[in-house]
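Here is query.txt, consisting of compact mmCIF, C-alpha atoms and all ligand atoms:
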# COMPACT_ATOMS: atom_id res chain seq x y z
CA MET A 1 -68.30 104.68 -1.01
CA ASP A 2 -66.94 104.05 2.48
CA THR A 3 -67.64 106.68 5.15
CA GLY A 4 -66.13 106.12 8.58
CA GLY A 5 -66.22 102.37 8.24
CA VAL A 6 -69.88 102.30 7.16
CA LYS A 7 -70.43 101.12 3.62
CA MET A 8 -73.10 103.09 1.82
CA SER A 9 -73.93 103.80 -1.77
CA TYR A 10 -75.18 107.29 -1.15
CA LYS A 11 -73.99 109.97 1.24
CA ARG A 12 -77.04 112.21 0.79
CA VAL A 13 -80.57 111.02 0.06
CA PHE A 14 -83.10 113.58 -1.17
CA VAL A 15 -86.79 112.70 -1.19
CA ILE A 16 -89.23 115.14 -2.77
CA VAL A 17 -92.93 114.59 -2.12
CA MET A 18 -95.10 116.21 -4.77
CA ASP A 19 -98.07 116.55 -2.43
CA SER A 20 -101.14 114.80 -3.84
CA VAL A 21 -99.65 113.84 -7.23
CA GLY A 22 -101.25 110.38 -7.44
CA THR A 23 -100.98 108.03 -10.40
CA GLY A 24 -104.27 106.12 -10.53
CA ALA A 25 -106.86 104.59 -8.20
CA ALA A 26 -105.50 102.22 -5.55
CA HIS A 27 -106.75 98.63 -5.18
CA ASP A 28 -108.91 99.76 -2.23
CA ALA A 29 -110.20 102.98 -3.85
CA ASP A 30 -113.75 101.61 -3.67
CA LYS A 31 -113.66 101.92 0.14
CA PHE A 32 -113.05 105.64 -0.30
CA ASP A 33 -115.48 106.11 -3.18
CA ASP A 34 -112.49 107.02 -5.37
CA VAL A 35 -112.75 104.45 -8.16
CA GLY A 36 -111.70 106.11 -11.43
CA SER A 37 -109.48 108.76 -9.87
CA ASP A 38 -106.11 109.39 -11.56
CA THR A 39 -104.47 112.70 -10.78
CA LEU A 40 -101.60 112.56 -13.31
CA GLY A 41 -103.72 110.92 -15.98
CA HIS A 42 -106.49 113.48 -15.79
CA VAL A 43 -104.16 116.47 -15.69
CA GLY A 44 -102.52 115.07 -18.84
CA GLU A 45 -105.91 114.65 -20.53
CA TYR A 46 -106.85 118.22 -19.66
CA TYR A 47 -103.70 119.51 -21.38
CA LYS A 48 -104.35 117.46 -24.54
CA GLY A 49 -100.69 116.67 -25.20
CA LYS A 50 -99.31 120.03 -24.03
CA LEU A 51 -98.17 119.00 -20.55
CA ALA A 52 -94.41 119.53 -20.86
CA LEU A 53 -92.59 117.48 -18.23
CA PRO A 54 -89.24 116.64 -19.86
CA ASN A 55 -87.34 115.93 -16.65
CA LEU A 56 -90.00 113.82 -14.97
CA ALA A 57 -90.35 112.05 -18.31
CA LYS A 58 -86.70 111.14 -18.52
CA MET A 59 -86.86 109.78 -14.96
CA GLY A 60 -89.72 107.53 -16.09
CA ILE A 61 -92.98 109.15 -14.91
CA SER A 62 -94.85 107.67 -17.88
CA ASN A 63 -92.91 104.37 -17.74
CA LEU A 64 -94.37 103.57 -14.34
CA ARG A 65 -97.97 103.81 -15.57
CA ASP A 66 -100.14 101.31 -17.47
CA THR A 67 -101.12 104.15 -19.81
CA PRO A 68 -98.61 106.98 -20.36
CA ILE A 69 -99.60 110.51 -19.33
CA GLU A 70 -100.92 112.27 -22.44
CA GLY A 71 -98.09 114.30 -23.95
CA VAL A 72 -95.42 112.83 -21.67
CA PRO A 73 -93.38 110.22 -23.54
CA VAL A 74 -92.22 106.91 -22.12
CA ALA A 75 -88.45 107.24 -21.70
CA ASP A 76 -86.43 104.66 -23.58
CA PRO A 77 -84.37 104.19 -21.56
CA ALA A 78 -85.23 106.08 -18.36
CA ILE A 79 -82.22 107.58 -16.56
CA GLY A 80 -83.31 106.02 -13.27
CA ASP A 81 -85.63 103.37 -11.85
CA PHE A 82 -89.38 103.75 -11.58
CA GLY A 83 -92.37 102.16 -9.88
CA LYS A 84 -95.46 102.86 -7.82
CA MET A 85 -96.35 102.51 -4.16
CA GLU A 86 -99.67 101.64 -2.57
CA GLU A 87 -100.75 102.80 0.86
CA ILE A 88 -101.70 100.58 3.80
CA SER A 89 -102.69 103.39 6.18
CA ALA A 90 -106.36 103.69 7.06
CA GLY A 91 -106.62 107.27 5.79
CA LYS A 92 -105.57 109.20 2.68
CA ASP A 93 -104.28 112.38 4.27
CA SER A 94 -100.76 113.86 4.22
CA MET A 95 -99.99 112.64 7.71
CA ASP A 96 -100.88 109.03 6.92
CA GLY A 97 -98.82 109.14 3.73
CA HIS A 98 -95.68 110.73 5.17
CA TRP A 99 -95.70 108.73 8.39
CA GLU A 100 -96.08 105.53 6.39
CA MET A 101 -93.09 106.47 4.21
CA MET A 102 -91.12 106.72 7.45
CA GLY A 103 -92.17 103.28 8.71
CA LEU A 104 -95.17 104.33 10.78
CA PRO A 105 -98.41 103.62 8.93
CA VAL A 106 -101.59 104.78 10.64
CA MET A 107 -103.53 101.53 10.81
CA LYS A 108 -106.41 102.67 13.02
CA PRO A 109 -108.63 105.26 11.37
CA LEU A 110 -108.31 108.69 12.95
CA SER A 111 -111.47 110.61 13.89
CA THR A 112 -113.43 112.34 11.17
CA PHE A 113 -116.44 114.58 11.67
CA PRO A 114 -118.86 114.48 8.74
CA ASN A 115 -121.47 116.19 10.94
CA GLY A 116 -119.16 118.67 12.61
CA PHE A 117 -117.31 118.56 15.93
CA PRO A 118 -119.17 117.55 19.09
CA GLN A 119 -120.71 120.29 21.21
CA GLU A 120 -118.33 119.65 24.12
CA ILE A 121 -115.35 120.52 21.91
CA VAL A 122 -117.07 123.60 20.53
CA ASP A 123 -117.93 124.73 24.07
CA LYS A 124 -114.32 124.38 25.19
CA LEU A 125 -113.03 126.28 22.16
CA GLU A 126 -115.48 129.10 22.83
CA LYS A 127 -114.57 129.26 26.50
CA PHE A 128 -110.82 129.28 25.80
CA SER A 129 -110.94 131.84 23.00
CA GLY A 130 -113.77 134.04 24.24
CA ARG A 131 -115.09 133.87 20.68
CA LYS A 132 -118.17 132.21 19.24
CA VAL A 133 -117.63 129.23 16.91
CA ILE A 134 -119.49 129.25 13.58
CA VAL A 135 -119.92 126.88 10.59
CA ASN A 136 -118.61 123.64 12.18
CA LYS A 137 -119.04 121.27 9.25
CA PRO A 138 -117.14 119.94 6.24
CA TYR A 139 -116.46 122.81 3.83
CA SER A 140 -113.99 123.87 1.17
CA GLY A 141 -111.51 126.27 2.78
CA THR A 142 -111.72 128.92 0.06
CA GLU A 143 -115.51 128.75 -0.03
CA VAL A 144 -115.84 128.98 3.71
CA ILE A 145 -113.98 132.30 3.84
CA HIS A 146 -115.92 133.54 0.84
CA ASP A 147 -119.20 132.68 2.57
CA TYR A 148 -118.37 133.64 6.18
CA GLY A 149 -115.31 135.92 6.05
CA GLU A 150 -117.21 139.20 5.93
CA ARG A 151 -119.29 138.08 8.90
CA GLN A 152 -116.10 137.21 10.76
CA MET A 153 -114.69 140.67 10.04
CA LYS A 154 -117.72 142.15 11.82
CA THR A 155 -118.09 139.69 14.70
CA GLY A 156 -114.64 138.19 15.36
CA GLU A 157 -116.18 134.70 15.46
CA LEU A 158 -114.11 131.59 14.80
CA ILE A 159 -114.70 129.80 11.50
CA LEU A 160 -114.38 126.11 12.30
CA TYR A 161 -114.55 123.52 9.51
CA THR A 162 -113.32 120.10 8.47
CA SER A 163 -113.12 117.82 5.40
CA GLY A 164 -113.15 114.10 4.61
CA ASP A 165 -109.76 113.96 6.36
CA SER A 166 -109.05 113.88 10.05
CA VAL A 167 -108.54 117.63 10.26
CA MET A 168 -109.86 120.48 12.36
CA GLN A 169 -109.37 123.75 10.50
CA ILE A 170 -109.80 127.23 11.93
CA ALA A 171 -109.94 130.14 9.48
CA ALA A 172 -109.30 133.65 10.75
CA HIS A 173 -108.82 137.02 9.05
CA GLU A 174 -105.36 138.21 10.09
CA ASP A 175 -106.62 141.73 10.93
CA VAL A 176 -109.42 140.40 13.12
CA ILE A 177 -107.78 137.51 14.91
CA PRO A 178 -104.00 138.02 14.93
CA VAL A 179 -101.98 135.03 13.73
CA LYS A 180 -100.38 134.58 17.16
CA GLU A 181 -103.77 134.36 18.81
CA LEU A 182 -104.98 131.91 16.18
CA TYR A 183 -101.95 129.68 16.83
CA LYS A 184 -102.68 129.74 20.58
CA ILE A 185 -106.25 128.65 19.94
CA CYS A 186 -105.01 125.86 17.66
CA GLU A 187 -102.47 124.72 20.24
CA TYR A 188 -105.27 124.52 22.77
CA ALA A 189 -107.52 122.68 20.30
CA ARG A 190 -104.67 120.20 19.81
CA THR A 191 -104.88 119.22 23.49
CA LEU A 192 -108.59 118.38 23.12
CA VAL A 193 -108.19 115.78 20.38
CA ASN A 194 -105.10 113.73 21.18
CA GLY A 195 -107.23 110.68 22.05
CA PRO A 196 -108.47 108.36 23.31
CA GLU A 197 -112.00 109.58 22.59
CA TYR A 198 -111.18 111.83 19.65
CA THR A 199 -107.91 111.50 17.78
CA VAL A 200 -107.53 114.16 15.10
CA GLY A 201 -104.62 114.04 12.67
CA ARG A 202 -104.13 117.76 12.25
CA ILE A 203 -105.38 121.08 13.56
CA ILE A 204 -104.76 123.57 10.75
CA ALA A 205 -104.57 127.32 11.31
CA ARG A 206 -105.92 129.01 8.17
CA PRO A 207 -105.16 132.73 8.26
CA TYR A 208 -106.32 134.89 5.37
CA VAL A 209 -106.31 138.55 4.32
CA GLY A 210 -108.26 140.82 1.99
CA PRO A 211 -110.89 143.54 1.99
CA ASP A 212 -114.00 141.59 1.00
CA LYS A 213 -115.32 138.19 0.02
CA ASP A 214 -114.23 138.44 -3.60
CA HIS A 215 -110.67 139.30 -2.63
CA PHE A 216 -109.89 137.10 0.37
CA THR A 217 -106.68 135.09 0.01
CA ARG A 218 -105.12 132.61 2.39
CA THR A 219 -101.59 133.38 3.53
CA ALA A 220 -98.39 131.37 4.00
CA ASN A 221 -98.97 131.68 7.77
CA ARG A 222 -100.92 128.44 7.52
CA HIS A 223 -99.68 126.16 10.25
CA ASP A 224 -100.41 122.48 10.88
CA PHE A 225 -100.43 121.18 14.44
CA SER A 226 -100.12 117.43 13.95
CA LEU A 227 -100.62 114.56 16.28
CA LYS A 228 -97.22 113.55 17.66
CA PRO A 229 -95.92 110.44 15.87
CA ILE A 230 -97.20 107.42 17.80
CA GLY A 231 -93.78 105.82 17.98
CA GLU A 232 -90.38 105.98 16.33
CA THR A 233 -89.98 106.90 12.70
CA ASP A 234 -87.21 106.09 10.26
CA MET A 235 -86.01 109.67 10.76
CA ASP A 236 -85.58 109.00 14.49
CA ARG A 237 -83.63 105.87 13.61
CA LEU A 238 -81.36 107.78 11.26
CA ARG A 239 -80.70 110.46 13.83
CA ALA A 240 -80.00 107.91 16.56
CA ALA A 241 -77.37 106.42 14.25
CA GLY A 242 -75.76 109.85 13.87
CA TYR A 243 -77.05 110.93 10.46
CA ASP A 244 -78.42 114.37 9.62
CA VAL A 245 -82.14 114.77 8.91
CA ILE A 246 -83.35 117.93 7.20
CA GLY A 247 -87.04 118.76 6.59
CA VAL A 248 -88.19 121.17 3.90
CA GLY A 249 -91.77 122.51 3.89
CA LYS A 250 -94.63 120.86 5.75
CA ILE A 251 -92.37 117.97 6.90
CA ASN A 252 -91.56 119.65 10.18
CA ASP A 253 -95.28 120.19 10.93
CA ILE A 254 -96.30 116.70 9.85
CA PHE A 255 -93.87 115.08 12.29
CA SER A 256 -94.20 117.78 15.00
CA GLY A 257 -90.48 118.31 14.56
CA GLN A 258 -89.75 114.77 15.76
CA GLY A 259 -86.67 113.25 14.16
CA ILE A 260 -85.67 116.46 12.34
CA ASP A 261 -82.45 118.40 12.97
CA LYS A 262 -83.28 121.38 10.83
CA GLY A 263 -86.56 122.45 9.22
CA TYR A 264 -87.23 125.03 6.51
CA HIS A 265 -90.67 126.64 6.15
CA ASN A 266 -91.84 126.98 2.54
CA GLU A 267 -93.83 129.95 1.27
CA SER A 268 -94.57 128.11 -1.98
CA ASN A 269 -93.29 125.28 -4.17
CA MET A 270 -90.71 127.58 -5.76
CA ASP A 271 -89.53 128.73 -2.34
CA GLY A 272 -89.34 125.04 -1.38
CA MET A 273 -87.14 124.32 -4.40
CA ASP A 274 -84.93 127.29 -3.42
CA HIS A 275 -84.46 125.53 -0.09
CA VAL A 276 -83.63 122.26 -1.84
CA ASP A 277 -81.00 124.08 -3.95
CA GLU A 278 -79.61 125.60 -0.75
CA VAL A 279 -79.46 122.26 1.07
CA MET A 280 -77.76 120.68 -1.96
CA LYS A 281 -74.90 123.12 -1.46
CA GLN A 282 -74.43 121.96 2.15
CA ASP A 283 -72.10 119.20 3.22
CA PHE A 284 -74.00 116.60 5.22
CA THR A 285 -74.44 112.86 5.48
CA GLY A 286 -78.04 111.76 5.75
CA PHE A 287 -81.51 112.53 4.55
CA CYS A 288 -83.31 115.61 3.23
CA PHE A 289 -87.11 115.20 3.15
CA THR A 290 -89.06 117.80 1.15
CA ASN A 291 -92.79 118.39 0.75
CA LEU A 292 -94.19 120.64 -1.97
CA VAL A 293 -97.77 121.44 -1.05
CA ASP A 294 -99.02 123.78 -3.79
CA PHE A 295 -100.25 120.95 -6.06
CA ASP A 296 -102.62 119.91 -3.29
CA ALA A 297 -103.61 123.06 -1.46
CA MET A 298 -103.91 125.42 -4.41
CA TYR A 299 -105.13 123.17 -7.22
CA GLY A 300 -106.11 119.65 -6.14
CA HIS A 301 -108.69 120.64 -3.53
CA ARG A 302 -109.84 123.43 -5.84
CA ARG A 303 -110.32 120.92 -8.68
CA ASN A 304 -108.27 123.11 -10.97
CA PRO A 305 -106.48 120.90 -13.55
CA LYS A 306 -105.00 123.89 -15.39
CA GLY A 307 -103.22 125.22 -12.30
CA PHE A 308 -102.23 121.71 -11.29
CA GLY A 309 -100.56 121.08 -14.66
CA GLN A 310 -98.80 124.44 -14.65
CA THR A 311 -97.46 123.68 -11.17
CA LEU A 312 -96.15 120.34 -12.42
CA MET A 313 -94.41 122.08 -15.33
CA ASP A 314 -92.89 124.69 -13.00
CA PHE A 315 -91.64 121.93 -10.72
CA ASP A 316 -90.22 120.03 -13.67
CA LYS A 317 -88.06 123.02 -14.64
CA ARG A 318 -86.61 123.20 -11.13
CA LEU A 319 -86.07 119.45 -11.18
CA GLY A 320 -83.81 120.03 -14.21
CA THR A 321 -81.49 122.13 -12.02
CA VAL A 322 -81.50 119.51 -9.26
CA LEU A 323 -80.56 116.76 -11.74
CA LYS A 324 -77.69 118.90 -13.03
CA GLU A 325 -76.40 119.76 -9.56
CA MET A 326 -76.49 116.24 -8.11
CA LYS A 327 -73.19 114.80 -6.95
CA PRO A 328 -72.28 111.21 -7.87
CA ASP A 329 -73.08 109.96 -4.37
CA ASP A 330 -76.44 111.76 -4.10
CA LEU A 331 -79.67 109.79 -4.44
CA LEU A 332 -82.95 111.44 -5.45
CA MET A 333 -86.39 109.90 -4.97
CA ILE A 334 -89.59 111.59 -6.10
CA THR A 335 -92.98 110.45 -4.88
CA ALA A 336 -96.34 111.62 -3.47
CA ASP A 337 -98.39 111.13 -0.31
CA HIS A 338 -101.88 110.50 -1.81
CA GLY A 339 -103.91 111.68 -4.79
CA ASN A 340 -106.09 114.77 -5.25
CA ASP A 341 -107.46 114.39 -8.73
CA PRO A 342 -108.56 117.80 -10.07
CA GLY A 343 -110.71 115.97 -12.63
CA PHE A 344 -112.66 114.07 -9.97
CA ARG A 345 -115.88 114.90 -8.10
CA GLY A 346 -115.80 116.61 -4.69
CA THR A 347 -112.89 118.49 -3.13
CA ASP A 348 -111.20 115.75 -1.08
CA HIS A 349 -108.01 113.74 -1.53
CA THR A 350 -108.31 110.61 -3.69
CA ARG A 351 -107.06 107.14 -2.73
CA GLU A 352 -104.40 106.52 -5.35
CA ASN A 353 -101.12 104.78 -5.85
CA VAL A 354 -98.21 107.18 -5.92
CA PRO A 355 -95.28 107.43 -8.35
CA LEU A 356 -91.81 106.36 -7.31
CA LEU A 357 -88.87 107.73 -9.29
CA VAL A 358 -85.32 106.96 -8.19
CA TYR A 359 -82.14 108.37 -9.66
CA SER A 360 -78.46 108.84 -8.92
CA PRO A 361 -75.71 109.81 -11.37
CA SER A 362 -73.75 106.81 -10.04
CA MET A 363 -76.40 104.08 -9.88
CA LYS A 364 -75.04 100.89 -11.46
CA LYS A 365 -78.18 99.93 -13.34
CA SER A 366 -81.05 102.10 -14.48
CA ASN A 367 -84.30 101.83 -16.41
CA GLN A 368 -85.46 99.09 -14.05
CA SER A 369 -89.01 98.70 -12.84
CA LEU A 370 -89.37 98.71 -9.07
CA GLY A 371 -92.89 97.33 -9.50
CA LEU A 372 -95.87 98.12 -7.29
CA ARG A 373 -94.55 98.44 -3.74
CA LYS A 374 -96.95 97.07 -1.14
CA THR A 375 -96.51 99.94 1.31
CA PHE A 376 -95.05 103.45 1.29
CA SER A 377 -92.72 102.16 4.05
CA ASP A 378 -90.57 100.56 1.33
CA LEU A 379 -89.15 104.05 0.79
CA GLY A 380 -87.94 104.50 4.38
CA VAL A 381 -86.49 101.02 4.74
CA THR A 382 -84.51 101.55 1.52
CA ILE A 383 -82.99 104.75 2.90
CA LEU A 384 -82.14 102.98 6.16
CA GLU A 385 -80.48 100.09 4.38
CA ASN A 386 -78.32 102.56 2.51
CA PHE A 387 -77.07 103.85 5.87
CA ASN A 388 -76.91 100.38 7.48
CA VAL A 389 -79.63 101.24 9.98
CA ASP A 390 -82.22 98.64 11.02
CA ALA A 391 -85.85 99.25 10.13
CA VAL A 392 -89.06 97.68 11.41
CA ARG A 393 -91.30 97.82 8.39
CA GLY A 394 -91.27 97.59 4.61
CA THR A 395 -89.33 95.74 1.94
CA SER A 396 -86.17 97.47 0.80
CA PHE A 397 -85.36 97.95 -2.88
CA TYR A 398 -81.87 99.17 -1.98
CA LYS A 399 -80.03 96.29 -3.67
CA LYS A 400 -81.64 97.18 -6.97
CA ILE A 401 -80.71 100.83 -6.85
CA SER A 402 -77.31 100.68 -5.13
CA ASN A 403 -74.10 101.57 -6.88
CA ASP A 404 -71.96 98.73 -5.62
O1 LIG A 501 -110.30 123.17 1.64
P1 LIG A 501 -109.01 123.42 2.34
O2 LIG A 501 -109.12 124.43 3.45
O3 LIG A 501 -107.87 123.75 1.41
O4 LIG A 501 -108.66 122.10 3.14
C1 LIG A 501 -108.04 120.99 2.62
O5 LIG A 501 -106.77 120.93 3.22
C2 LIG A 501 -106.74 119.89 4.15
C3 LIG A 501 -105.34 119.43 4.33
O6 LIG A 501 -104.79 118.93 3.14
C4 LIG A 501 -107.68 118.86 3.59
O7 LIG A 501 -108.14 117.96 4.55
C5 LIG A 501 -108.76 119.71 2.99
O8 LIG A 501 -109.71 119.99 3.96
MN MN A 502 -100.80 115.81 1.26
MN MN A 503 -104.74 118.26 1.07
Taking this structure as input, can you express it in the form of structure tokens?
Amino acid sequence: MDTGGVKMSYKRVFVIVMDSVGTGAAHDADKFDDVGSDTLGHVGEYYKGKLALPNLAKMGISNLRDTPIEGVPVADPAIGDFGKMEEISAGKDSMDGHWEMMGLPVMKPLSTFPNGFPQEIVDKLEKFSGRKVIVNKPYSGTEVIHDYGERQMKTGELILYTSGDSVMQIAAHEDVIPVKELYKICEYARTLVNGPEYTVGRIIARPYVGPDKDHFTRTANRHDFSLKPIGETDMDRLRAAGYDVIGVGKINDIFSGQGIDKGYHNESNMDGMDHVDEVMKQDFTGFCFTNLVDFDAMYGHRRNPKGFGQTLMDFDKRLGTVLKEMKPDDLLMITADHGNDPGFRGTDHTRENVPLLVYSPSMKKSNQSLGLRKTFSDLGVTILENFNVDAVRGTSFYKKISND
């Protein structure tokens, strides 16, 4: 197509990140103690042939793997192109993954706190909030509220915890520490760890509700306060060239709103897919970037393969609608930001390659392998090439997938 003198194959590019849906250990998994992890493979094994993913299958989700996902047939032929991407960022968190997709890998490891945050930070948090800080160590977020939530209800203390990622998480019962107050504390915490001494990827507000430890549940008021992108992203480049950039779900948080014209907050994966359906009805020229976090937050970290598989099947159904509604000059890419194998030890993300599925009703060729991409940045540079915008990083696969 030809839009205003600029030649482009696709007017609208939709990327959907299935958060944490990895497809097998990366070449450097040993550095993360993640050898043997395989999120999709292990979910498939758990379901013993009953993982029904017809739409992902026809896009080639089993084609891109050395061993097909159990119960998910290799498409012959696939309707689109398929491959995998490996990560060059130092970490395996959402921020690293998404920033790298947008041409900004995080090459220097961000700060992690396997022994808890330093006393000086704790002191400042206590002084600012007027509340005592408790826990201060790596913990599972659901276990920490189970173990300390009732105490917090009595004392109003702040539950501070972390994980293997560069994250500072503060859990607070919504009736004890109102969400607004929690956000203020997190905003303040953000200012303490923007470098150079400590550089933390995300401060995460973790509000929860419920009467007692067996009934506490975390709410959709979760909010991530990310480090500001340390430079331009491919989204900034698209915007500077006059294209629209829309963020659905955690995208807005992950980039601190930078490079995004309009952001939608998701309550859940299904709510996120409602937003995608809504955006598909809009007339725009540019990029819609969606993150679906339930795979990760609700099932990956909880090591729950049953819930993980069900969430994949629910997503697959909604994907069917997207495939039907796509216009000829729409391009859809499905990928992930890291792994989080529910069949693996621990509760942290896993260093895995991620799937790459690419489809448009008008692509000239299909059923092609895009191979193993050497960085997630190949995704961003491909989108930029479609819009004739210069990129700084990655190797484009645009020529393979274009429709001219
Ligand atoms: O255990 P919960 O609170 O879900 O926390 C998890 O969520 C964080 C962000 O993905 C991870 O770093 C991990 O700590
Ligand atoms: Mn993630
Ligand atoms: Mn996670």
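Among the candidates A:Glu385, A:Asp175, A:Asp234, A:Glu143, the residue lying nearest to A:Gly156 is A:Asp175 (atoms considered: only C-alpha atoms).
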If the limit is 9 Å from any atom of ligand LIG 501 (chain A), counting only C-alpha atoms and all ligand atoms, which residues qualify? Return them as an mmCIF file with C-alpha atoms, keeping the file's coordinate frame.
data_model
loop_
_atom_site.group_PDB
_atom_site.id
_atom_site.type_symbol
_atom_site.label_atom_id
_atom_site.label_comp_id
_atom_site.auth_asym_id
_atom_site.auth_seq_id
_atom_site.Cartn_x
_atom_site.Cartn_y
_atom_site.Cartn_z
ATOM 1 C CA SER A 20 -101.140 114.800 -3.840
ATOM 2 C CA ASP A 93 -104.280 112.380 4.270
ATOM 3 C CA SER A 94 -100.760 113.860 4.220
ATOM 4 C CA PRO A 138 -117.140 119.940 6.240
ATOM 5 C CA TYR A 139 -116.460 122.810 3.830
ATOM 6 C CA SER A 140 -113.990 123.870 1.170
ATOM 7 C CA GLY A 141 -111.510 126.270 2.780
ATOM 8 C CA THR A 142 -111.720 128.920 0.060
ATOM 9 C CA GLU A 143 -115.510 128.750 -0.030
ATOM 10 C CA VAL A 144 -115.840 128.980 3.710
ATOM 11 C CA TYR A 161 -114.550 123.520 9.510
ATOM 12 C CA THR A 162 -113.320 120.100 8.470
ATOM 13 C CA SER A 163 -113.120 117.820 5.400
ATOM 14 C CA GLY A 164 -113.150 114.100 4.610
ATOM 15 C CA ASP A 165 -109.760 113.960 6.360
ATOM 16 C CA SER A 166 -109.050 113.880 10.050
ATOM 17 C CA VAL A 167 -108.540 117.630 10.260
ATOM 18 C CA MET A 168 -109.860 120.480 12.360
ATOM 19 C CA GLN A 169 -109.370 123.750 10.500
ATOM 20 C CA ILE A 170 -109.800 127.230 11.930
ATOM 21 C CA ALA A 171 -109.940 130.140 9.480
ATOM 22 C CA ARG A 202 -104.130 117.760 12.250
ATOM 23 C CA ILE A 204 -104.760 123.570 10.750
ATOM 24 C CA ARG A 206 -105.920 129.010 8.170
ATOM 25 C CA ASP A 224 -100.410 122.480 10.880
ATOM 26 C CA VAL A 293 -97.770 121.440 -1.050
ATOM 27 C CA ASP A 296 -102.620 119.910 -3.290
ATOM 28 C CA ALA A 297 -103.610 123.060 -1.460
ATOM 29 C CA MET A 298 -103.910 125.420 -4.410
ATOM 30 C CA GLY A 300 -106.110 119.650 -6.140
ATOM 31 C CA HIS A 301 -108.690 120.640 -3.530
ATOM 32 C CA ARG A 302 -109.840 123.430 -5.840
ATOM 33 C CA THR A 347 -112.890 118.490 -3.130
ATOM 34 C CA ASP A 348 -111.200 115.750 -1.080
ATOM 35 C CA HIS A 349 -108.010 113.740 -1.530
#
TODO: Find the residues near A:Gly36: any atom within 12 Å, counting only C-alpha atoms, skip ones fewer than 4 places away on the same chain, and give them as a ChimeraX atom specification.
DONE: /A:22-30,32,41-42,339,341,343-345,350-352
Task: Nearest to ligand MN 502 (chain A) by atom-to-atom distance, counting all atoms listed in the file, from A:Glu278, A:Glu86, A:Asp96, A:Asp33 - done: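 So, comparing all the options, the nearest one is A:Asp96.
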Open item on the list: When you look at stretch 103-105 of chain A with a cut-off of 7 Å (counting all atoms listed in the file), what residues show up, excluding the ones that are within fewer than 2 positions of it in the same chain? I need them as a ChimeraX atom specification.
Closed with: /A:88-89,96,99-101,107,233-234,377,380,392-393
Take the residues from that selection and write them out as a compact mmCIF listing (two decimals), in the coordinates of the input, keeping C-alpha atoms.
# COMPACT_ATOMS: atom_id res chain seq x y z
CA ILE A 88 -101.70 100.58 3.80
CA SER A 89 -102.69 103.39 6.18
CA ASP A 96 -100.88 109.03 6.92
CA TRP A 99 -95.70 108.73 8.39
CA GLU A 100 -96.08 105.53 6.39
CA MET A 101 -93.09 106.47 4.21
CA MET A 107 -103.53 101.53 10.81
CA THR A 233 -89.98 106.90 12.70
CA ASP A 234 -87.21 106.09 10.26
CA SER A 377 -92.72 102.16 4.05
CA GLY A 380 -87.94 104.50 4.38
CA VAL A 392 -89.06 97.68 11.41
CA ARG A 393 -91.30 97.82 8.39
Open item on the list: One number please: atom CA of A:Val106 to atom CA of A:Phe387, in Å, one decimal.
Closed with: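 Between atom CA of A:Val106 and atom CA of A:Phe387 the gap is 25.0 Å.
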Open item on the list: Which residues are close to A:Lys213, i.e. within 12 Å by all atoms listed in the file, leaving aside same-chain residues fewer than 6 positions away? Reply as a PyMOL selection string.
Closed with: chain A and resi 142-153+173
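Each of A:Val389, A:Val245, A:Val193, A:Val21 was checked against ligand MN 502 (chain A) using all atoms listed in the file; the smallest atom-to-atom distance is that of A:Val21.
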TODO: Compile the contact shell of A:Leu379 as a ChimeraX atom specification: residues with an atom at most 10 Å away, counting only C-alpha atoms, same-chain residues fewer than 4 positions apart removed.
DONE: /A:15,85,100-103,234,333,335,356,373,375,383-384,394-398
Task: From A:Lys324, A:His275, A:His338, A:Lys306, residue lying nearest ligand MN 503 (chain A) [only C-alpha atoms and all ligand atoms] - done: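 Nearest to ligand MN 503 (chain A): A:His338.
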Open item on the list: Can you pull out the residues contacting stretch 187-190 of chain A? Cut-off 7 Å, using all atoms listed in the file, and skip same-chain residues under 2 positions away; I want them as a PyMOL selection string.
Closed with: chain A and resi 125+183-185+192-194+203+225
Deliver the residues from the most recent selection as a file, using C-alpha atoms, as a short mmCIF file (atom, residue, chain, number, x, y, z; two decimals), in the frame of the given file.
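The file below, result_38.cif, is the result:
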data_model
loop_
_atom_site.label_atom_id
_atom_site.label_comp_id
_atom_site.auth_asym_id
_atom_site.auth_seq_id
_atom_site.Cartn_x
_atom_site.Cartn_y
_atom_site.Cartn_z
CA LEU A 125 -113.03 126.28 22.16
CA TYR A 183 -101.95 129.68 16.83
CA LYS A 184 -102.68 129.74 20.58
CA ILE A 185 -106.25 128.65 19.94
CA LEU A 192 -108.59 118.38 23.12
CA VAL A 193 -108.19 115.78 20.38
CA ASN A 194 -105.10 113.73 21.18
CA ILE A 203 -105.38 121.08 13.56
CA PHE A 225 -100.43 121.18 14.44
#
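Nearest-residue note for A:His265: choosing from A:His223, A:Lys365, A:Lys281, A:Lys31, the minimum distance belongs to A:His223, counting only C-alpha atoms.
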Task: Å distance separating atom CA of A:Lys58 from atom CA of A:Thr321, one decimal place - done: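 Pair atom CA of A:Lys58 / atom CA of A:Thr321 returns 13.8 Å.
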Open item on the list: Please report the interatomic distance between atom CA of A:Lys262 and atom CA of A:Ile246 in Å with one decimal.
Closed with: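 Taking atom CA of A:Lys262 and atom CA of A:Ile246, their separation equals 5.0 Å.
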Task: From A:Met280, A:Ala336, A:Cys288, A:Leu160, residue lying nearest ligand MN 503 (chain A) [only C-alpha atoms and all ligand atoms] - done: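 When distances to ligand MN 503 (chain A) are compared using only C-alpha atoms and all ligand atoms, the smallest one comes from A:Ala336.
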